[in-house]
Each structure stands twice: as C-alpha cells, then as structure tokens.
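Structure data (mmCIF, C-alpha atoms) from model_11.cif:
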data_work
loop_
_atom_site.label_atom_id
_atom_site.label_comp_id
_atom_site.auth_asym_id
_atom_site.auth_seq_id
_atom_site.Cartn_x
_atom_site.Cartn_y
_atom_site.Cartn_z
CA MET A 1 0.00 0.00 0.00
CA ARG A 2 2.77 2.33 0.95
CA LYS A 3 4.67 1.37 -2.19
CA LYS A 4 1.60 2.05 -4.30
CA THR A 5 1.16 5.44 -2.67
CA MET A 6 4.76 6.31 -3.38
CA GLU A 7 4.33 5.34 -7.02
CA MET A 8 1.20 7.46 -7.30
CA LEU A 9 3.01 10.36 -5.67
CA LYS A 10 5.86 10.02 -8.12
CA GLY A 11 3.35 9.90 -10.97
CA TYR A 12 1.60 13.04 -9.77
CA THR A 13 4.94 14.74 -9.24
CA ALA A 14 6.04 13.85 -12.76
CA LEU A 15 2.68 15.01 -14.14
CA ILE A 16 2.91 18.29 -12.25
CA ALA A 17 6.50 18.78 -13.40
CA MET A 18 5.44 18.10 -16.98
CA TRP A 19 2.60 20.63 -16.74
CA ILE A 20 4.96 23.17 -15.23
CA LEU A 21 7.40 22.59 -18.08
CA ILE A 22 4.66 22.83 -20.69
CA GLY A 23 3.29 25.97 -19.02
CA THR A 24 6.73 27.53 -18.94
CA VAL A 25 7.26 26.82 -22.65
CA VAL A 26 3.77 28.07 -23.56
CA PHE A 27 4.15 31.26 -21.55
CA LYS A 28 7.59 31.76 -23.07
CA TRP A 29 6.12 31.49 -26.55
CA ILE A 30 3.26 33.79 -25.63
CA ASP A 31 5.71 36.32 -24.25
CA LEU A 32 7.86 35.97 -27.36
CA PHE A 33 4.80 36.41 -29.59
CA ILE A 34 3.75 39.49 -27.62
CA ASP A 35 7.26 40.93 -27.94
CA LEU A 36 7.19 40.17 -31.66
CA LYS A 37 3.80 41.80 -32.05
CA ARG A 38 5.01 44.79 -30.08
CA ASP A 39 8.11 45.07 -32.27
CA VAL A 40 6.03 44.75 -35.42
CA PHE A 41 3.57 47.31 -34.09
CA ILE A 42 6.37 49.74 -33.25
CA ALA A 43 7.92 49.16 -36.69
CA MET A 44 4.55 49.80 -38.34
CA ILE A 45 4.13 53.01 -36.38
CA GLY A 46 7.61 54.09 -37.49
CA PHE A 47 6.84 53.16 -41.11
CA VAL A 48 3.52 55.01 -41.15
CA GLY A 49 5.16 57.96 -39.42
CA SER A 50 7.88 58.10 -42.06
CA ILE A 51 5.25 58.04 -44.82
CA ILE A 52 3.25 60.82 -43.17
CA GLY A 53 6.43 62.81 -42.54
CA GLY A 54 7.50 62.36 -46.16
CA ALA A 55 4.07 63.40 -47.41
CA ILE A 56 4.12 66.52 -45.23
CA THR A 57 7.64 67.35 -46.45
CA LEU A 58 6.60 66.84 -50.08
CA LEU A 59 3.53 69.00 -49.56
CA GLY A 60 5.70 71.70 -48.02
CA VAL A 61 8.12 71.56 -50.95
CA ARG A 62 5.27 71.74 -53.46
CA MET A 63 3.75 74.71 -51.65
CA ALA A 64 7.14 76.43 -51.56
CA ILE A 65 7.66 75.83 -55.30
CA LYS A 66 4.13 77.03 -56.04
CA ASP A 67 4.68 80.14 -53.96
CA GLN A 68 8.03 80.79 -55.66
CA ASN A 69 6.47 80.33 -59.10
CA ARG A 70 3.71 82.73 -58.12
CA ARG A 71 6.28 85.29 -56.95
CA ASP A 72 8.33 84.87 -60.13
CA PHE A 73 5.20 85.25 -62.26
CA PHE A 74 4.06 88.26 -60.27
CA ASN A 75 7.47 89.92 -60.50
CA SER A 76 7.72 89.24 -64.24
CA ILE A 77 4.43 90.93 -65.12
CA PRO A 78 5.64 94.58 -65.02
CA LEU A 79 8.48 93.83 -67.46
CA ARG A 80 6.23 91.71 -69.68
CA TYR A 81 3.62 94.45 -69.71
CA HIS A 82 6.26 97.10 -70.46
CA HIS A 83 7.59 95.11 -73.43
CA GLY A 84 4.06 94.41 -74.60
CA VAL A 85 3.09 98.09 -74.57
CA PHE A 86 6.37 99.04 -76.26
CA VAL A 87 5.65 96.71 -79.19
CA GLN A 88 1.98 97.69 -79.26
CA THR A 89 2.85 101.39 -79.57
CA ILE A 90 5.17 100.73 -82.52
CA LEU A 91 2.67 98.49 -84.32
CA VAL A 92 -0.16 100.98 -83.82
CA ASP A 93 2.01 103.89 -85.03
CA TYR A 94 3.07 102.06 -88.18
CA TYR A 95 -0.45 100.85 -88.89
CA SER A 96 -1.83 104.38 -88.50
CA LEU A 97 0.84 105.82 -90.82
CA LEU A 98 0.29 103.13 -93.45
CA SER A 99 -3.47 103.68 -93.38
CA GLU A 100 -2.98 107.45 -93.64
CA PHE A 101 -0.51 107.27 -96.55
CA LEU A 102 -2.69 104.78 -98.42
CA GLY A 103 -5.75 106.97 -97.93
CA GLN A 104 -3.83 109.93 -99.41
CA ASN A 105 -2.36 107.80 -102.23
CA HIS A 106 1.16 108.53 -100.99
CA HIS A 107 2.50 105.21 -102.22
CA TYR A 108 6.18 106.09 -101.91
CA GLU A 109 5.86 107.04 -98.22
CA PHE A 110 3.64 104.00 -97.74
CA HIS A 111 6.35 101.71 -99.12
CA ILE A 112 9.16 103.40 -97.15
CA HIS A 113 7.36 102.99 -93.80
CA LEU A 114 6.28 99.45 -94.65
CA THR A 115 9.91 98.53 -95.41
CA ASN A 116 11.01 100.11 -92.12
CA LEU A 117 8.41 98.08 -90.24
CA VAL A 118 9.58 94.84 -91.85
CA SER A 119 13.21 95.67 -91.03
CA ARG A 120 12.29 95.95 -87.33
CA SER A 121 10.51 92.58 -87.20
CA GLU A 122 13.30 90.72 -85.43
CA GLU A 123 13.71 93.44 -82.78
CA LEU A 124 9.98 93.55 -82.09
CA LEU A 125 9.60 89.77 -81.92
CA GLN A 126 12.47 89.52 -79.44
CA LYS A 127 10.66 91.99 -77.20
CA VAL A 128 7.25 90.38 -77.49
CA ALA A 129 8.70 86.89 -76.87
CA THR A 130 8.92 87.87 -73.18
CA VAL A 131 5.24 88.88 -73.03
CA SER A 132 3.23 85.71 -73.74
CA ILE A 133 2.81 83.02 -76.37
CA GLU A 134 -0.47 84.54 -77.53
CA ALA A 135 1.00 88.04 -77.82
CA TYR A 136 3.93 86.66 -79.79
CA ASP A 137 1.61 84.83 -82.19
CA TYR A 138 -0.52 87.92 -82.84
CA ALA A 139 2.49 90.19 -83.34
CA ASN A 140 4.11 87.60 -85.59
CA ASP A 141 0.92 87.41 -87.69
CA PHE A 142 0.91 91.22 -88.01
CA LEU A 143 4.56 91.34 -89.10
CA ASN A 144 4.18 88.41 -91.52
CA LEU A 145 1.33 90.26 -93.19
CA ALA A 146 3.51 93.37 -93.42
CA PHE A 147 6.28 91.26 -94.99
CA SER A 148 3.82 89.74 -97.50
CA LEU A 149 2.44 93.18 -98.34
CA GLU A 150 5.93 94.59 -98.90
CA HIS A 151 6.76 91.63 -101.14
CA TYR A 152 3.53 92.16 -103.08
CA MET A 153 4.38 95.84 -103.61
CA ARG A 154 7.79 95.00 -105.05
CA SER A 155 6.59 92.10 -107.18
CA THR A 156 3.75 94.10 -108.80
CA ASN A 157 5.66 97.34 -109.22
CA HIS A 158 6.31 96.82 -112.93
CA ASP A 159 4.16 93.85 -113.92
CA GLY A 160 1.28 95.81 -115.40
CA THR A 161 -1.07 95.49 -112.39
CA SER A 162 -3.29 98.57 -112.22
CA GLN A 163 -2.93 100.95 -109.28
CA ASP A 164 -6.58 100.49 -108.35
CA GLU A 165 -6.10 96.74 -108.17
CA ARG A 166 -2.97 97.18 -106.11
CA ASN A 167 -4.70 99.64 -103.77
CA GLN A 168 -7.50 97.14 -103.19
CA LYS A 169 -4.91 94.51 -102.31
CA TYR A 170 -3.20 96.94 -99.91
CA ILE A 171 -6.52 97.56 -98.19
CA GLU A 172 -7.11 93.82 -97.77
CA TYR A 173 -3.68 93.38 -96.20
CA LEU A 174 -4.25 96.31 -93.84
CA GLN A 175 -7.62 94.89 -92.78
CA GLU A 176 -5.98 91.58 -91.85
CA MET A 177 -3.20 93.42 -90.03
CA ASN A 178 -5.83 95.35 -88.09
CA LYS A 179 -7.41 92.07 -86.90
CA SER A 180 -4.05 90.82 -85.62
CA LEU A 181 -3.37 94.18 -83.97
CA PHE A 182 -6.75 94.08 -82.22
CA LEU A 183 -6.08 90.59 -80.84
CA TYR A 184 -2.61 91.65 -79.72
CA SER A 185 -3.96 94.73 -77.92
CA ASP A 186 -6.60 92.59 -76.22
CA GLU A 187 -3.86 90.24 -74.94
CA ILE A 188 -1.97 93.21 -73.44
CA LYS A 189 -5.16 94.27 -71.66
CA LYS A 190 -5.47 90.77 -70.17
CA ILE A 191 -1.92 90.92 -68.82
CA LYS A 192 -2.63 94.29 -67.22
CA ARG A 193 -5.88 92.95 -65.73
CA ASP A 194 -4.15 89.84 -64.34
CA TYR A 195 -1.50 92.02 -62.72
CA SER A 196 -4.14 94.23 -61.12
CA LEU A 197 -5.98 91.19 -59.75
CA MET A 198 -2.82 89.59 -58.32
CA ARG A 199 -1.88 92.78 -56.52
CA HIS A 200 -5.04 92.42 -54.43
CA ILE A 201 -4.56 88.73 -53.57
#
What would you get if you wrote out this structure as structure tokens?
Amino acid sequence: MRKKTMEMLKGYTALIAMWILIGTVVFKWIDLFIDLKRDVFIAMIGFVGSIIGGAITLLGVRMAIKDQNRRDFFNSIPLRYHHGVFVQTILVDYYSLLSEFLGQNHHYEFHIHLTNLVSRSEELLQKVATVSIEAYDYANDFLNLAFSLEHYMRSTNHDGTSQDERNQKYIEYLQEMNKSLFLYSDEIKKIKRDYSLMRHI
C-alpha cells in the first residue's frame, strides 16, 4: 500500500512537473509572440510615421515651389507688360501711318514705312517673346502680313497690275493686319488685368 502510494506520488509529481514545463514553454512562446507583435507594431508606427512625414515634407516643398512660381510670375508681369506696350505702340504707329498714306495715295511714303516696319521685325519679336505666347503669335501674324504686303508691292511694281487693283490689295492686307493688332492689344489688356488682380490677392 505504501509502495503504491509512493508510485502514485511520483506519478503526480512527474505530471505536475510536466505541466509546469509545458506551461513555462507556452508562456515563453506567448511572451515571445507578444514581444514580436510589439516590435512589429512599433515598426509599423515608425513606417507610417515616415510616410506621413514624407508626405508633409513633399507637400511643403510643393507649396514652396508654387509660392516661388507665383512670386516669379508676379514679379515678371511689369516687365512683360512694359515690353508688350512698347511693341503695341510701334505696331499701332506704323499701322496708322500706313493707313494714312494709303488713304492719301502717298504710295512712296507707304512703301518706305512698310519697309522700315519689316526691317524691325526681329527686334519687335524679341521683345514680345517675353510677353506671352499669344501676344507673340498675334504680333508675328501682323509682321508676316507686313512682310507679305511689302513683297507684293515689289513684285507688282512693274508687272502691269493697275494701281486700283494694287490699292485694293493693300486695303485687304491692312484689314488683316488690323485684326491681328486688335487681338494683340486685347492680350496686353489681359496681362494688365491679371497684374491688377494679383496685386489684391
């Protein structure tokens, strides 16, 4: 009986020891898993934080670039407007003189001033290139028409074309030049209006 009791006690002791060992291993794994989860969680927080920080930095850079571009654009308007008005004044003056000389049948003076206008094309286009793409296109159209008109005058000078027919052709050229000049002047007004609006932002 005593021997049987001792064997049972040993069995229980072994069973308890086994459960203690199993419990220790299980708790160790649980603790390890918790540590792993904590490390992963911390790493995820760091990763998300770096993404958010990068996004904020990128947003700040974009805002800075946008603000710098706005400042550059704002600062460029006075010079663009000045160049635009400079070219506009010259084109209007030449157009007015050409219209006046043609109306008075002063063909020699008409041709002289038309030739002078064509000779200044490169200078004027360099100025207007700083204004805007639209302004450049309109001024270029105006000057191309002047060039074509000057070429027409030279090519029909001694080919038997009547003066009335030539005058009618001159008028057609001037009408097209007037359309380009109107569009150009309207573009200069837009630049002035944009500048006025930005000054109040």
Practice task
Skip A:Val85 itself and residues of its chain fewer than 3 positions away, then list as a PyMOL selection string all residues within 10 Å of it, counting all atoms listed in the file.
Solution key: chain A and resi 79-82+88-91+128+131+185+188-189
Selected by the PyMOL selection byres ((chain A and resi 148) around 12) in the shown coordinates: which residues, as a short mmCIF file (atom, residue, chain, number, x, y, z; two decimals) with C-alpha atoms, in the frame of the given file?
data_model
loop_
_atom_site.label_atom_id
_atom_site.label_comp_id
_atom_site.auth_asym_id
_atom_site.auth_seq_id
_atom_site.Cartn_x
_atom_site.Cartn_y
_atom_site.Cartn_z
CA LEU A 114 6.28 99.45 -94.65
CA THR A 115 9.91 98.53 -95.41
CA LEU A 117 8.41 98.08 -90.24
CA VAL A 118 9.58 94.84 -91.85
CA ASP A 141 0.92 87.41 -87.69
CA PHE A 142 0.91 91.22 -88.01
CA LEU A 143 4.56 91.34 -89.10
CA ASN A 144 4.18 88.41 -91.52
CA LEU A 145 1.33 90.26 -93.19
CA ALA A 146 3.51 93.37 -93.42
CA PHE A 147 6.28 91.26 -94.99
CA LEU A 149 2.44 93.18 -98.34
CA GLU A 150 5.93 94.59 -98.90
CA HIS A 151 6.76 91.63 -101.14
CA TYR A 152 3.53 92.16 -103.08
CA MET A 153 4.38 95.84 -103.61
CA ARG A 154 7.79 95.00 -105.05
CA SER A 155 6.59 92.10 -107.18
CA LYS A 169 -4.91 94.51 -102.31
CA TYR A 170 -3.20 96.94 -99.91
CA GLU A 172 -7.11 93.82 -97.77
CA TYR A 173 -3.68 93.38 -96.20
CA LEU A 174 -4.25 96.31 -93.84
CA GLU A 176 -5.98 91.58 -91.85
CA MET A 177 -3.20 93.42 -90.03
#
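Atom pair atom CA of A:Gln175 / atom CA of A:Ile133: separated by 22.8 Å.
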Problem - Test item: residues at most 8 Å from stretch 122-125 of chain A, only C-alpha atoms, excluding those fewer than 3 positions along its chain, as a list of chain:residue names - result: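 With the cut-off at 8 Å, the set is A:Val87, A:Ser119, A:Val128, A:Ala129, A:Tyr136, A:Ala139, A:Asn140.
What separates atom CA of A:Ser180 from atom CA of A:Tyr138 is a distance of 5.3 Å.
A straight line drawn from atom CA of A:Glu134 to atom CA of A:Leu183 is 8.9 Å long.
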Handout entry: Nearest-residue call for A:Ile191, choices A:Ile112, A:Phe86, A:Pro78, A:Asp159, using only C-alpha atoms
Key =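 Among the listed residues, the smallest separation from A:Ile191 belongs to A:Pro78.
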Problem - A:Gln163, A:His113, A:His107, A:Lys190 ranked by distance to A:Tyr95, top pick (using all atoms listed in the file) - result: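 Smallest distance to A:Tyr95 is found for A:His113.
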Mind rebuilding stretch 79-91 of chain A with N, CA and C atoms and writing that out as a short mmCIF file (atom, residue, chain, number, x, y, z; two decimals), in the coordinates of the input?
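Heads up, here's the output in selection13.cif:
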data_model
loop_
_atom_site.label_atom_id
_atom_site.label_comp_id
_atom_site.auth_asym_id
_atom_site.auth_seq_id
_atom_site.Cartn_x
_atom_site.Cartn_y
_atom_site.Cartn_z
N LEU A 79 7.58 93.82 -66.31
CA LEU A 79 8.48 93.83 -67.46
C LEU A 79 7.77 93.31 -68.71
N ARG A 80 6.99 92.25 -68.55
CA ARG A 80 6.23 91.71 -69.68
C ARG A 80 5.26 92.75 -70.22
N TYR A 81 4.58 93.42 -69.31
CA TYR A 81 3.62 94.45 -69.71
C TYR A 81 4.33 95.61 -70.40
N HIS A 82 5.48 96.00 -69.87
CA HIS A 82 6.26 97.10 -70.46
C HIS A 82 6.68 96.75 -71.89
N HIS A 83 7.19 95.54 -72.08
CA HIS A 83 7.59 95.11 -73.43
C HIS A 83 6.37 95.03 -74.35
N GLY A 84 5.27 94.53 -73.80
CA GLY A 84 4.06 94.41 -74.60
C GLY A 84 3.55 95.76 -75.09
N VAL A 85 3.55 96.74 -74.20
CA VAL A 85 3.09 98.09 -74.57
C VAL A 85 4.06 98.73 -75.55
N PHE A 86 5.36 98.50 -75.35
CA PHE A 86 6.37 99.04 -76.26
C PHE A 86 6.12 98.57 -77.69
N VAL A 87 5.91 97.26 -77.86
CA VAL A 87 5.65 96.71 -79.19
C VAL A 87 4.30 97.19 -79.72
N GLN A 88 3.31 97.23 -78.85
CA GLN A 88 1.98 97.69 -79.26
C GLN A 88 2.03 99.11 -79.80
N THR A 89 2.75 99.99 -79.13
CA THR A 89 2.85 101.39 -79.57
C THR A 89 3.46 101.48 -80.96
N ILE A 90 4.51 100.70 -81.20
CA ILE A 90 5.17 100.73 -82.52
C ILE A 90 4.25 100.19 -83.60
N LEU A 91 3.58 99.08 -83.33
CA LEU A 91 2.67 98.49 -84.32
C LEU A 91 1.52 99.43 -84.64
#
